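Visitor: my_file02.pdb is reproduced below (PDB, C-alpha atoms and all ligand atoms).
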ATOM      1  CA  MET A   9      -0.249  23.328 -28.649
ATOM      2  CA  THR A  10       0.557  24.697 -25.197
ATOM      3  CA  SER A  11       1.931  22.314 -22.670
ATOM      4  CA  THR A  12       0.643  22.713 -19.128
ATOM      5  CA  ASN A  13       4.212  23.393 -18.036
ATOM      6  CA  ASP A  14       4.463  26.409 -20.384
ATOM      7  CA  LEU A  15       1.883  27.985 -18.141
ATOM      8  CA  ASN A  16       4.227  27.735 -15.190
ATOM      9  CA  THR A  17       8.003  27.720 -15.266
ATOM     10  CA  PRO A  18       9.181  25.188 -17.826
ATOM     11  CA  ARG A  19      11.680  22.976 -16.091
ATOM     12  CA  PRO A  20      13.254  20.236 -18.161
ATOM     13  CA  PRO A  21      12.994  17.286 -18.121
ATOM     14  CA  PHE A  22       9.311  17.825 -17.283
ATOM     15  CA  THR A  23       8.256  18.993 -20.715
ATOM     16  CA  GLY A  24       4.717  17.838 -19.948
ATOM     17  CA  TYR A  25       1.761  16.927 -22.147
ATOM     18  CA  ALA A  26      -0.908  19.282 -23.380
ATOM     19  CA  LEU A  27      -4.158  18.862 -21.477
ATOM     20  CA  ASP A  28      -5.902  17.326 -24.495
ATOM     21  CA  GLU A  29      -2.905  15.231 -25.567
ATOM     22  CA  ASP A  30      -2.495  11.479 -24.921
ATOM     23  CA  ASN A  31      -0.798  11.243 -21.569
ATOM     24  CA  PRO A  32       0.641   7.822 -20.705
ATOM     25  CA  VAL A  33       1.464   8.938 -17.164
ATOM     26  CA  LEU A  34      -2.140   9.796 -16.358
ATOM     27  CA  GLU A  35      -3.345   6.732 -18.252
ATOM     28  CA  ALA A  36      -1.138   4.498 -16.103
ATOM     29  CA  LEU A  37      -2.301   6.168 -12.881
ATOM     30  CA  LEU A  38      -5.973   6.003 -13.851
ATOM     31  CA  ALA A  39      -5.714   2.345 -14.914
ATOM     32  CA  HIS A  40      -4.552   1.241 -11.462
ATOM     33  CA  ARG A  41      -6.101  -1.903 -10.037
ATOM     34  CA  SER A  42      -4.671  -4.326  -7.479
ATOM     35  CA  VAL A  43      -3.825  -7.821  -8.718
ATOM     36  CA  ARG A  44      -4.095 -10.796  -6.370
ATOM     37  CA  ALA A  45      -3.356 -13.723  -8.719
ATOM     38  CA  TYR A  46      -0.122 -14.147 -10.641
ATOM     39  CA  LYS A  47       1.470 -16.473 -13.169
ATOM     40  CA  ASP A  48       4.525 -18.331 -11.950
ATOM     41  CA  VAL A  49       6.984 -16.074 -13.783
ATOM     42  CA  PRO A  50       9.948 -14.318 -12.138
ATOM     43  CA  ILE A  51      10.695 -10.635 -12.704
ATOM     44  CA  PRO A  52      13.942 -10.258 -14.688
ATOM     45  CA  GLU A  53      16.683  -8.020 -13.296
ATOM     46  CA  ARG A  54      16.251  -5.803 -16.386
ATOM     47  CA  ALA A  55      12.774  -4.939 -15.152
ATOM     48  CA  LEU A  56      13.558  -4.930 -11.442
ATOM     49  CA  GLY A  57      16.316  -2.318 -11.918
ATOM     50  CA  PRO A  58      14.063   0.497 -13.196
ATOM     51  CA  ILE A  59      11.343  -0.440 -10.691
ATOM     52  CA  LEU A  60      13.837   0.023  -7.842
ATOM     53  CA  ASP A  61      15.200   3.203  -9.466
ATOM     54  CA  ALA A  62      11.658   4.608  -9.531
ATOM     55  CA  ALA A  63      11.122   3.575  -5.892
ATOM     56  CA  GLN A  64      14.300   5.377  -4.809
ATOM     57  CA  ARG A  65      13.442   8.418  -6.947
ATOM     58  CA  ALA A  66      10.370   9.045  -4.772
ATOM     59  CA  PRO A  67      10.540  12.133  -2.590
ATOM     60  CA  THR A  68      11.873  11.364   0.872
ATOM     61  CA  SER A  69      11.147  13.584   3.846
ATOM     62  CA  SER A  70      14.109  15.968   4.493
ATOM     63  CA  ASN A  71      16.140  13.723   2.169
ATOM     64  CA  LEU A  72      16.587  11.459   5.194
ATOM     65  CA  HIS A  73      15.899   8.204   3.315
ATOM     66  CA  SER A  74      14.176   6.757   6.367
ATOM     67  CA  TYR A  75      13.499   3.410   4.687
ATOM     68  CA  SER A  76      15.134   0.344   3.157
ATOM     69  CA  ILE A  77      13.786  -2.173   0.663
ATOM     70  CA  VAL A  78      14.158  -5.940   0.937
ATOM     71  CA  VAL A  79      13.719  -7.675  -2.446
ATOM     72  CA  VAL A  80      12.307 -11.140  -1.784
ATOM     73  CA  ASP A  81      12.854 -13.213  -4.910
ATOM     74  CA  ASP A  82      13.449 -16.479  -3.036
ATOM     75  CA  ARG A  83      10.254 -18.525  -3.341
ATOM     76  CA  LYS A  84      10.763 -20.311  -0.018
ATOM     77  CA  ILE A  85      11.023 -16.988   1.841
ATOM     78  CA  ARG A  86       7.916 -15.710   0.029
ATOM     79  CA  GLU A  87       6.061 -18.856   1.088
ATOM     80  CA  ARG A  88       6.959 -18.126   4.682
ATOM     81  CA  ALA A  89       6.016 -14.462   4.157
ATOM     82  CA  ARG A  90       2.642 -15.616   2.814
ATOM     83  CA  ASP A  91       1.999 -17.505   6.052
ATOM     84  CA  LEU A  92       2.799 -14.354   8.022
ATOM     85  CA  CYS A  93       0.692 -12.136   5.736
ATOM     86  CA  GLY A  94      -2.756 -13.558   6.418
ATOM     87  CA  ASN A  95      -2.123 -16.528   4.093
ATOM     88  CA  GLN A  96      -2.702 -14.468   0.974
ATOM     89  CA  ALA A  97      -1.603 -16.983  -1.684
ATOM     90  CA  PHE A  98      -0.382 -14.358  -4.138
ATOM     91  CA  VAL A  99       2.442 -13.371  -1.780
ATOM     92  CA  ALA A 100       4.144 -16.669  -2.644
ATOM     93  CA  GLN A 101       2.839 -16.801  -6.246
ATOM     94  CA  CYS A 102       4.008 -13.389  -7.423
ATOM     95  CA  GLY A 103       7.228 -12.765  -9.361
ATOM     96  CA  VAL A 104       8.865 -10.772  -6.592
ATOM     97  CA  LEU A 105       7.931  -9.273  -3.246
ATOM     98  CA  LEU A 106       9.363  -5.924  -2.182
ATOM     99  CA  VAL A 107       9.242  -5.138   1.522
ATOM    100  CA  PHE A 108       9.574  -1.458   2.379
ATOM    101  CA  CYS A 109      10.952  -1.101   5.893
ATOM    102  CA  SER A 110      10.926   1.964   8.115
ATOM    103  CA  ASP A 111      14.625   2.346   8.864
ATOM    104  CA  ILE A 112      16.293   4.828  11.199
ATOM    105  CA  SER A 113      19.427   2.726  11.749
ATOM    106  CA  ARG A 114      21.548   4.968   9.507
ATOM    107  CA  HIS A 115      20.475   8.046  11.464
ATOM    108  CA  ILE A 116      21.341   6.396  14.769
ATOM    109  CA  HIS A 117      24.728   5.475  13.266
ATOM    110  CA  ILE A 118      25.669   8.942  11.953
ATOM    111  CA  CYS A 119      24.568  10.649  15.183
ATOM    112  CA  ALA A 120      26.569   8.186  17.331
ATOM    113  CA  GLU A 121      29.607   8.486  15.067
ATOM    114  CA  ARG A 122      29.661  12.238  15.673
ATOM    115  CA  GLY A 123      28.706  12.083  19.322
ATOM    116  CA  TYR A 124      25.434  13.927  18.663
ATOM    117  CA  PRO A 125      22.401  12.997  20.705
ATOM    118  CA  TYR A 126      19.707  11.260  18.635
ATOM    119  CA  ARG A 127      16.564  13.312  19.182
ATOM    120  CA  GLY A 128      14.312  11.624  16.633
ATOM    121  CA  ASP A 129      12.641   9.510  19.301
ATOM    122  CA  GLN A 130       9.174  10.934  18.752
ATOM    123  CA  ILE A 131       6.107   9.881  16.791
ATOM    124  CA  ASN A 132       6.922  12.266  13.938
ATOM    125  CA  THR A 133       9.831   9.973  13.006
ATOM    126  CA  VAL A 134       7.385   7.064  12.695
ATOM    127  CA  LEU A 135       5.171   9.116  10.373
ATOM    128  CA  VAL A 136       8.157  10.295   8.324
ATOM    129  CA  ALA A 137       9.553   6.782   7.880
ATOM    130  CA  HIS A 138       6.165   5.225   7.129
ATOM    131  CA  GLY A 139       5.394   8.029   4.676
ATOM    132  CA  ASP A 140       8.715   7.465   2.914
ATOM    133  CA  CYS A 141       7.944   3.740   2.649
ATOM    134  CA  ASN A 142       4.523   4.347   1.132
ATOM    135  CA  LEU A 143       5.827   6.889  -1.375
ATOM    136  CA  ALA A 144       8.626   4.602  -2.537
ATOM    137  CA  CYS A 145       6.173   1.708  -2.688
ATOM    138  CA  GLN A 146       3.715   3.660  -4.821
ATOM    139  CA  ASN A 147       6.491   4.748  -7.189
ATOM    140  CA  ALA A 148       7.573   1.108  -7.545
ATOM    141  CA  ALA A 149       3.964   0.091  -8.177
ATOM    142  CA  VAL A 150       3.450   2.673 -10.912
ATOM    143  CA  ALA A 151       6.783   1.754 -12.520
ATOM    144  CA  ALA A 152       5.916  -1.956 -12.441
ATOM    145  CA  GLN A 153       2.447  -1.306 -13.862
ATOM    146  CA  SER A 154       3.975   0.827 -16.622
ATOM    147  CA  LEU A 155       5.957  -2.273 -17.624
ATOM    148  CA  GLY A 156       2.776  -4.362 -17.777
ATOM    149  CA  TYR A 157       3.110  -6.072 -14.392
ATOM    150  CA  GLY A 158       0.367  -6.328 -11.831
ATOM    151  CA  THR A 159       0.927  -5.191  -8.258
ATOM    152  CA  CYS A 160      -0.704  -5.364  -4.856
ATOM    153  CA  MET A 161       0.393  -3.491  -1.768
ATOM    154  CA  LEU A 162       0.561  -5.400   1.485
ATOM    155  CA  GLY A 163      -0.181  -3.861   4.850
ATOM    156  CA  ASN A 164      -0.339  -7.489   5.980
ATOM    157  CA  VAL A 165       3.451  -7.408   6.446
ATOM    158  CA  ARG A 166       2.542  -5.854   9.833
ATOM    159  CA  ASN A 167       0.285  -8.756  10.906
ATOM    160  CA  ASP A 168       3.126 -10.560  12.632
ATOM    161  CA  PRO A 169       5.817  -7.891  12.837
ATOM    162  CA  GLN A 170       8.253  -9.987  14.862
ATOM    163  CA  GLY A 171       7.835 -12.971  12.504
ATOM    164  CA  MET A 172       8.461 -10.715   9.491
ATOM    165  CA  SER A 173      11.433  -9.151  11.235
ATOM    166  CA  ASP A 174      12.952 -12.566  11.962
ATOM    167  CA  LEU A 175      12.244 -13.807   8.438
ATOM    168  CA  LEU A 176      13.989 -10.865   6.770
ATOM    169  CA  GLY A 177      16.712 -10.429   9.409
ATOM    170  CA  LEU A 178      15.608  -6.885  10.275
ATOM    171  CA  PRO A 179      17.758  -5.452  13.087
ATOM    172  CA  LYS A 180      16.797  -2.910  15.756
ATOM    173  CA  TYR A 181      15.641   0.417  14.236
ATOM    174  CA  VAL A 182      14.168  -1.382  11.189
ATOM    175  CA  TYR A 183      10.704  -2.919  10.723
ATOM    176  CA  ALA A 184       8.472  -3.860   7.778
ATOM    177  CA  SER A 185       5.975  -1.087   6.988
ATOM    178  CA  VAL A 186       4.430  -2.097   3.664
ATOM    179  CA  GLY A 187       4.972  -4.754   1.008
ATOM    180  CA  LEU A 188       4.468  -4.804  -2.738
ATOM    181  CA  ALA A 189       3.770  -7.966  -4.713
ATOM    182  CA  ILE A 190       4.754  -7.646  -8.379
ATOM    183  CA  GLY A 191       4.131 -10.185 -11.116
ATOM    184  CA  VAL A 192       2.569 -11.198 -14.388
ATOM    185  CA  PRO A 193      -1.189 -10.944 -13.759
ATOM    186  CA  ALA A 194      -3.344 -14.063 -13.866
ATOM    187  CA  GLU A 195      -6.550 -12.065 -13.272
ATOM    188  CA  ASP A 196      -8.003  -8.683 -14.005
ATOM    189  CA  MET A 197     -10.578  -7.502 -11.507
ATOM    190  CA  GLY A 198     -10.848  -4.160 -13.291
ATOM    191  CA  THR A 199     -10.629  -0.778 -11.642
ATOM    192  CA  LYS A 200     -12.520  -0.416  -8.380
ATOM    193  CA  PRO A 201     -14.931   2.513  -8.134
ATOM    194  CA  ARG A 202     -13.815   5.287  -5.805
ATOM    195  CA  LEU A 203     -15.823   7.337  -3.339
ATOM    196  CA  PRO A 204     -17.356  10.302  -5.169
ATOM    197  CA  ARG A 205     -15.237  13.438  -5.328
ATOM    198  CA  SER A 206     -18.032  15.401  -3.625
ATOM    199  CA  LEU A 207     -17.275  13.410  -0.460
ATOM    200  CA  MET A 208     -13.524  13.402  -0.594
ATOM    201  CA  VAL A 209     -12.509  16.809  -1.926
ATOM    202  CA  SER A 210     -13.421  20.266  -0.679
ATOM    203  CA  ARG A 211     -11.979  23.684  -1.385
ATOM    204  CA  ASN A 212     -10.235  25.973   1.052
ATOM    205  CA  ARG A 213     -12.121  24.619   4.013
ATOM    206  CA  TYR A 214     -13.035  21.062   4.982
ATOM    207  CA  GLU A 215     -16.593  20.075   4.012
ATOM    208  CA  PRO A 216     -17.869  16.589   4.794
ATOM    209  CA  GLY A 217     -19.999  16.552   1.616
ATOM    210  CA  PRO A 218     -23.406  14.896   1.166
ATOM    211  CA  VAL A 219     -22.472  11.887   3.290
ATOM    212  CA  LYS A 220     -25.731   9.938   3.343
ATOM    213  CA  GLN A 221     -26.671  10.251  -0.330
ATOM    214  CA  ALA A 222     -23.159   9.875  -1.669
ATOM    215  CA  LEU A 223     -22.487   6.789   0.450
ATOM    216  CA  ALA A 224     -25.765   5.221  -0.642
ATOM    217  CA  ALA A 225     -24.844   5.788  -4.294
ATOM    218  CA  TYR A 226     -21.352   4.409  -3.739
ATOM    219  CA  ASP A 227     -22.733   1.379  -1.876
ATOM    220  CA  ASP A 228     -24.860   0.567  -4.940
ATOM    221  CA  GLU A 229     -21.963   1.112  -7.328
ATOM    222  CA  MET A 230     -19.653  -1.152  -5.345
ATOM    223  CA  ARG A 231     -22.318  -3.841  -4.917
ATOM    224  CA  LEU A 232     -23.081  -3.823  -8.652
ATOM    225  CA  SER A 233     -19.363  -4.022  -9.493
ATOM    226  CA  GLY A 234     -19.454  -7.528  -7.954
ATOM    227  CA  CYS A 235     -16.356  -6.931  -5.865
ATOM    228  CA  TYR A 236     -18.051  -8.240  -2.711
ATOM    229  CA  ASP A 237     -19.410 -11.412  -4.335
ATOM    230  CA  GLY A 238     -18.112 -14.234  -2.171
ATOM    231  CA  ARG A 239     -15.872 -11.760  -0.319
ATOM    232  CA  ARG A 240     -17.952 -10.530   2.567
ATOM    233  CA  GLU A 241     -16.282  -9.506   5.772
ATOM    234  CA  PRO A 242     -17.338 -11.938   8.524
ATOM    235  CA  LEU A 243     -19.616 -10.688  11.290
ATOM    236  CA  ASN A 244     -18.156 -11.038  14.777
ATOM    237  CA  ASP A 245     -21.144 -12.667  16.405
ATOM    238  CA  VAL A 246     -22.445 -14.834  13.566
ATOM    239  CA  PRO A 247     -20.876 -18.310  13.347
ATOM    240  CA  PRO A 248     -19.503 -19.093   9.834
ATOM    241  CA  ASP A 249     -22.193 -21.773   9.229
ATOM    242  CA  HIS A 250     -25.067 -19.334   9.915
ATOM    243  CA  ALA A 251     -26.701 -17.274   7.203
ATOM    244  CA  ASP A 252     -25.511 -13.676   7.005
ATOM    245  CA  PRO A 253     -28.459 -11.506   8.151
ATOM    246  CA  VAL A 254     -27.703  -8.735   5.631
ATOM    247  CA  PRO A 255     -29.269  -9.367   2.193
ATOM    248  CA  ASP A 256     -27.225  -8.766  -0.974
ATOM    249  CA  GLU A 257     -28.955  -5.472  -1.717
ATOM    250  CA  GLY A 258     -27.860  -4.145   1.690
ATOM    251  CA  TYR A 259     -24.233  -5.175   1.321
ATOM    252  CA  GLY A 260     -22.169  -2.328  -0.090
ATOM    253  CA  TRP A 261     -19.038  -0.403   0.871
ATOM    254  CA  SER A 262     -20.584   0.945   4.094
ATOM    255  CA  GLU A 263     -21.529  -2.499   5.394
ATOM    256  CA  HIS A 264     -18.224  -4.037   4.289
ATOM    257  CA  SER A 265     -16.055  -1.287   5.735
ATOM    258  CA  ALA A 266     -18.020  -0.990   8.979
ATOM    259  CA  ARG A 267     -17.583  -4.732   9.478
ATOM    260  CA  ARG A 268     -13.900  -4.361   8.773
ATOM    261  CA  MET A 269     -13.410  -1.507  11.203
ATOM    262  CA  GLY A 270     -15.575  -3.166  13.855
ATOM    263  CA  GLY A 271     -14.259  -6.668  13.325
ATOM    264  CA  ASP A 272     -11.956  -8.949  15.239
ATOM    265  CA  ASN A 273      -9.250  -8.290  12.641
ATOM    266  CA  GLN A 274      -8.773  -4.844  14.190
ATOM    267  CA  THR A 275      -7.396  -6.438  17.333
ATOM    268  CA  GLN A 276      -4.782  -8.324  15.281
ATOM    269  CA  ARG A 277      -2.289  -5.441  15.171
ATOM    270  CA  ARG A 278      -2.882  -4.169  18.712
ATOM    271  CA  GLY A 279       0.637  -5.112  19.786
ATOM    272  CA  LEU A 280       2.243  -3.170  16.951
ATOM    273  CA  GLY A 281       2.958  -0.079  19.061
ATOM    274  CA  GLU A 282       4.815  -2.108  21.666
ATOM    275  CA  PHE A 283       6.754  -3.902  18.939
ATOM    276  CA  MET A 284       7.735  -0.577  17.352
ATOM    277  CA  GLU A 285       8.885   0.814  20.698
ATOM    278  CA  GLY A 286      11.023  -2.318  21.063
ATOM    279  CA  LYS A 287      12.550  -1.571  17.660
ATOM    280  CA  GLY A 288      13.529   1.917  18.846
ATOM    281  CA  PHE A 289      10.661   3.890  17.268
ATOM    282  CA  SER A 290       9.068   6.113  19.899
ATOM    283  CA  LEU A 291       5.306   6.666  19.750
ATOM    284  CA  LEU A 292       5.414   9.716  22.026
TER     285      LEU A 292
HETATM  286  C1  LIG B 301      -1.037   0.662   2.321
HETATM  287  C2  LIG B 301      -1.873  -0.414   1.645
HETATM  288  C3  LIG B 301      -1.880  -1.689   2.149
HETATM  289  C4  LIG B 301      -2.611  -2.702   1.516
HETATM  290  N1  LIG B 301      -2.568  -3.977   2.016
HETATM  291  C5  LIG B 301      -3.206  -4.968   1.372
HETATM  292  C6  LIG B 301      -3.085  -6.307   1.845
HETATM  293  O1  LIG B 301      -2.421  -6.591   2.834
HETATM  294  N2  LIG B 301      -3.727  -7.275   1.149
HETATM  295  C7  LIG B 301      -4.460  -6.998   0.028
HETATM  296  O2  LIG B 301      -4.999  -7.936  -0.566
HETATM  297  N3  LIG B 301      -4.587  -5.741  -0.442
HETATM  298  C8  LIG B 301      -3.970  -4.729   0.194
HETATM  299  N4  LIG B 301      -4.050  -3.442  -0.280
HETATM  300  C9  LIG B 301      -4.796  -3.166  -1.518
HETATM  301  C10 LIG B 301      -6.132  -2.480  -1.213
HETATM  302  O3  LIG B 301      -7.021  -3.415  -0.689
HETATM  303  C11 LIG B 301      -6.655  -1.895  -2.533
HETATM  304  O4  LIG B 301      -5.779  -0.866  -2.955
HETATM  305  C12 LIG B 301      -8.064  -1.312  -2.363
HETATM  306  O5  LIG B 301      -8.992  -2.330  -2.114
HETATM  307  C13 LIG B 301      -8.500  -0.590  -3.638
HETATM  308  O6  LIG B 301      -8.482  -1.465  -4.742
HETATM  309  P1  LIG B 301      -7.593  -1.171  -6.023
HETATM  310  O7  LIG B 301      -6.155  -1.040  -5.594
HETATM  311  O8  LIG B 301      -7.780  -2.363  -6.930
HETATM  312  O9  LIG B 301      -8.094   0.080  -6.642
HETATM  313  C14 LIG B 301      -3.357  -2.404   0.351
HETATM  314  C15 LIG B 301      -3.345  -1.109  -0.151
HETATM  315  C16 LIG B 301      -2.628  -0.120   0.480
HETATM  316  C17 LIG B 301      -2.631   1.283  -0.082
END
Can I see the file as structure tokens?
Guide:
Amino acid sequence: MTSTNDLNTPRPPFTGYALDEDNPVLEALLAHRSVRAYKDVPIPERALGPILDAAQRAPTSSNLHSYSIVVVDDRKIRERARDLCGNQAFVAQCGVLLVFCSDISRHIHICAERGYPYRGDQINTVLVAHGDCNLACQNAAVAAQSLGYGTCMLGNVRNDPQGMSDLLGLPKYVYASVGLAIGVPAEDMGTKPRLPRSLMVSRNRYEPGPVKQALAAYDDEMRLSGCYDGRREPLNDVPPDHADPVPDEGYGWSEHSARRMGGDNQTQRRGLGEFMEGKGFSLL
């Protein structure tokens, strides 16, 4: 049997799996689903260690390590974090919360120590640090899932950036970019359908794909999956006690996502840029 890596340059330890062989790595990736309800069970250090190893093993732009991780295993702090993260109950319920913080404090330190000017005050640094956070977070998620834990990422750590900063004692040059709840699952919502590949992937040159048809098909698939049952995005101008004007058969991904992108919740993080500038991250 030929391993896919034999076709390129074999480079241990990536011995690889044959294309038709069982592949636990792909199985784990393809089984991903977010979990938003957890049993009240802590994550033992024996499990946390390899999860953090995997997080730190993620590629990091220019090997700059522009992030730090705060492990929140204290229930009281997670309860406070829950309040800051849109009151999502699982933030307090989960076994542990990891907060991945964009962090340029070490770069500021080594430049100052040598008397070099710090010239990273540009938006690229924000993208680099945020990218590093997301990569480390995804590695941690896959590692945790490979151990049988459920996970859910949390952009909500940016809802109240100052509150989160105060809660975790984040100094200047450090702010929370993304969180990861990890725990023993108390639910399984199954895998969520994805947009069809014909819409998302093109070759050699960008093609928007068959937008109308593909979205209509995806709207149906998402509606039938039941993931919007009782979870509609509110409409800005319709009071909560009034009937939603869109019937069930018209409520799919397009309606849900348009409401999300056009909703009041989009104004929630408007001050984030100013906050980041205050933390020493330039948006220019
Ligand atoms: C960067 C990022 C931030 C996210 N933030 C949240 C969040 O704050 N709250 C939440 O419930 N889910 C959050 N999610 C989970 C997404 O809602 C979820 O991945 C998406 O609905 C697809 O579902 P699936 O992960 O089950 O496939 C986040 C996901 C990502 C990648």
Visitor: Pick out the closest residue to ligand LIG 301 (chain B) from this set: A:Ser154, A:Ser290, A:Ser42, A:Ser206. Count all atoms listed in the file.
Guide: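 When distances to ligand LIG 301 (chain B) are compared using all atoms listed in the file, the smallest one comes from A:Ser42.
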Visitor: Please report as CSV every residue of chain A lying within 9 Å of ligand LIG 301 (chain B), along with the nearest atom pair and their distance in Å (one decimal), using all atoms listed in the file.
Guide:
residue,atom,partner,partner_atom,distance
A:Ala39,CA,B:LIG301,O9,8.9
A:His40,CA,B:LIG301,O9,6.1
A:Arg41,CA,B:LIG301,O8,3.6
A:Ser42,CA,B:LIG301,O8,3.7
A:Val43,CA,B:LIG301,O8,7.0
A:Arg44,CA,B:LIG301,O2,6.5
A:Cys93,CA,B:LIG301,O1,7.0
A:Gly94,CA,B:LIG301,O1,7.8
A:Gln96,CA,B:LIG301,O2,7.1
A:Phe98,CA,B:LIG301,O2,8.7
A:Asn142,CA,B:LIG301,C1,6.8
A:Cys145,CA,B:LIG301,C1,8.8
A:Gln146,CA,B:LIG301,C17,8.3
A:Thr159,CA,B:LIG301,O7,8.6
A:Cys160,CA,B:LIG301,C9,5.7
A:Met161,CA,B:LIG301,C14,4.4
A:Leu162,CA,B:LIG301,N1,3.5
A:Gly163,CA,B:LIG301,N1,3.7
A:Asn164,CA,B:LIG301,O1,3.9
A:Val165,CA,B:LIG301,O1,6.9
A:Arg166,CA,B:LIG301,O1,8.6
A:Asn167,CA,B:LIG301,O1,8.8
A:Ser185,CA,B:LIG301,C1,8.6
A:Val186,CA,B:LIG301,C1,6.3
A:Gly187,CA,B:LIG301,C3,7.6
A:Leu188,CA,B:LIG301,C4,8.5
A:Met197,CA,B:LIG301,O8,7.4
A:Gly198,CA,B:LIG301,O8,7.3
A:Thr199,CA,B:LIG301,O9,5.7
A:Lys200,CA,B:LIG301,O9,4.8
A:Pro201,CA,B:LIG301,O9,7.4
A:Arg202,CA,B:LIG301,O9,7.8
Visitor: What is the CA of His138 (chain A)-CA of Arg240 (chain A) distance in Å, reported with one decimal?
Guide: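 Those two atoms sit 29.2 Å apart.
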Visitor: Exactly which residues make up the result of the PyMOL selection byres (((chain A and resi 218) around 12) and not hetatm) on this file, given as a list in words?
Guide: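 Expected selection for the PyMOL selection byres (((chain A and resi 218) around 12) and not hetatm) here is Leu203, Pro204, Arg205, Ser206, Leu207, Met208, Val209, Ser210, Glu215, Pro216, Gly217, Val219, Lys220, Gln221, Ala222, Leu223, Ala224, Ala225 and Tyr226 of chain A.
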Visitor: Rounded to one decimal, what separation in Å do you get between CA of Arg211 (chain A) and CA of Leu143 (chain A)?
Guide: 24.5 Å
Visitor: Expand the PyMOL selection byres (((chain A and resi 48-62) around 12) and not hetatm) into the individual residues it matches in the shown file, reporting them as a ChimeraX atom specification.
Guide: /A:45-47,63-67,76-83,98-108,143-159,188-194
Visitor: Report as a ChimeraX atom specification all protein, DNA and RNA residues lying within 10 Å of Thr133 (chain A), evaluated on only C-alpha atoms, omitting residues in the same chain fewer than 3 positions from it.
Guide: /A:69,74,110-112,127-130,136-139,289-291
Visitor: Between A:His73, A:Glu35, A:Pro169, A:Ala97, which is the closest to Arg278 (chain A) once you count only C-alpha atoms?
Guide: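 Looking at the shortest contact to Arg278 (chain A), the residue is A:Pro169.
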Visitor: Expand the PyMOL selection byres (((chain A and resi 228) around 9) and not hetatm) into the individual residues it matches in the shown file, reporting them as an MDAnalysis selection string.
Guide: chainID A and resid 223:227 229:233 257:261
Visitor: Can you pull out the residues contacting Pro242 (chain A)? Cut-off 8 Å, using all atoms listed in the file, and skip same-chain residues under 5 positions away; I want them as a compact mmCIF listing (two decimals) with C-alpha atoms, in the frame of the given file.
Guide:
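Saved result, selection_0.txt, follows:
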# COMPACT_ATOMS: atom_id res chain seq x y z
CA PRO A 248 -19.50 -19.09 9.83
CA ARG A 267 -17.58 -4.73 9.48
CA GLY A 271 -14.26 -6.67 13.32
Visitor: To one decimal in Å, tell me the separation between CA of Cys109 (chain A) and CA of Ala184 (chain A).
Guide: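 Going from CA of Cys109 (chain A) over to CA of Ala184 (chain A), I get 4.2 Å.
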Visitor: Name the closest residue to Leu280 (chain A) among the candidates A:Tyr183, A:Pro255, A:Gly234, A:Arg90; distances are taken between atoms, counting only C-alpha atoms.
Guide: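 Looking at the shortest contact to Leu280 (chain A), the residue is A:Tyr183.
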Visitor: Quick one: 8 Å padding each side, axis-aligned, all listed atoms of region 218-232 of chain A - centre and edge lengths in Å to one decimal, as AutoDock Vina command-line options?
Guide:
--center_x -23.2 --center_y 5.5 --center_z -2.7 --size_x 23.0 --size_y 34.7 --size_z 28.0
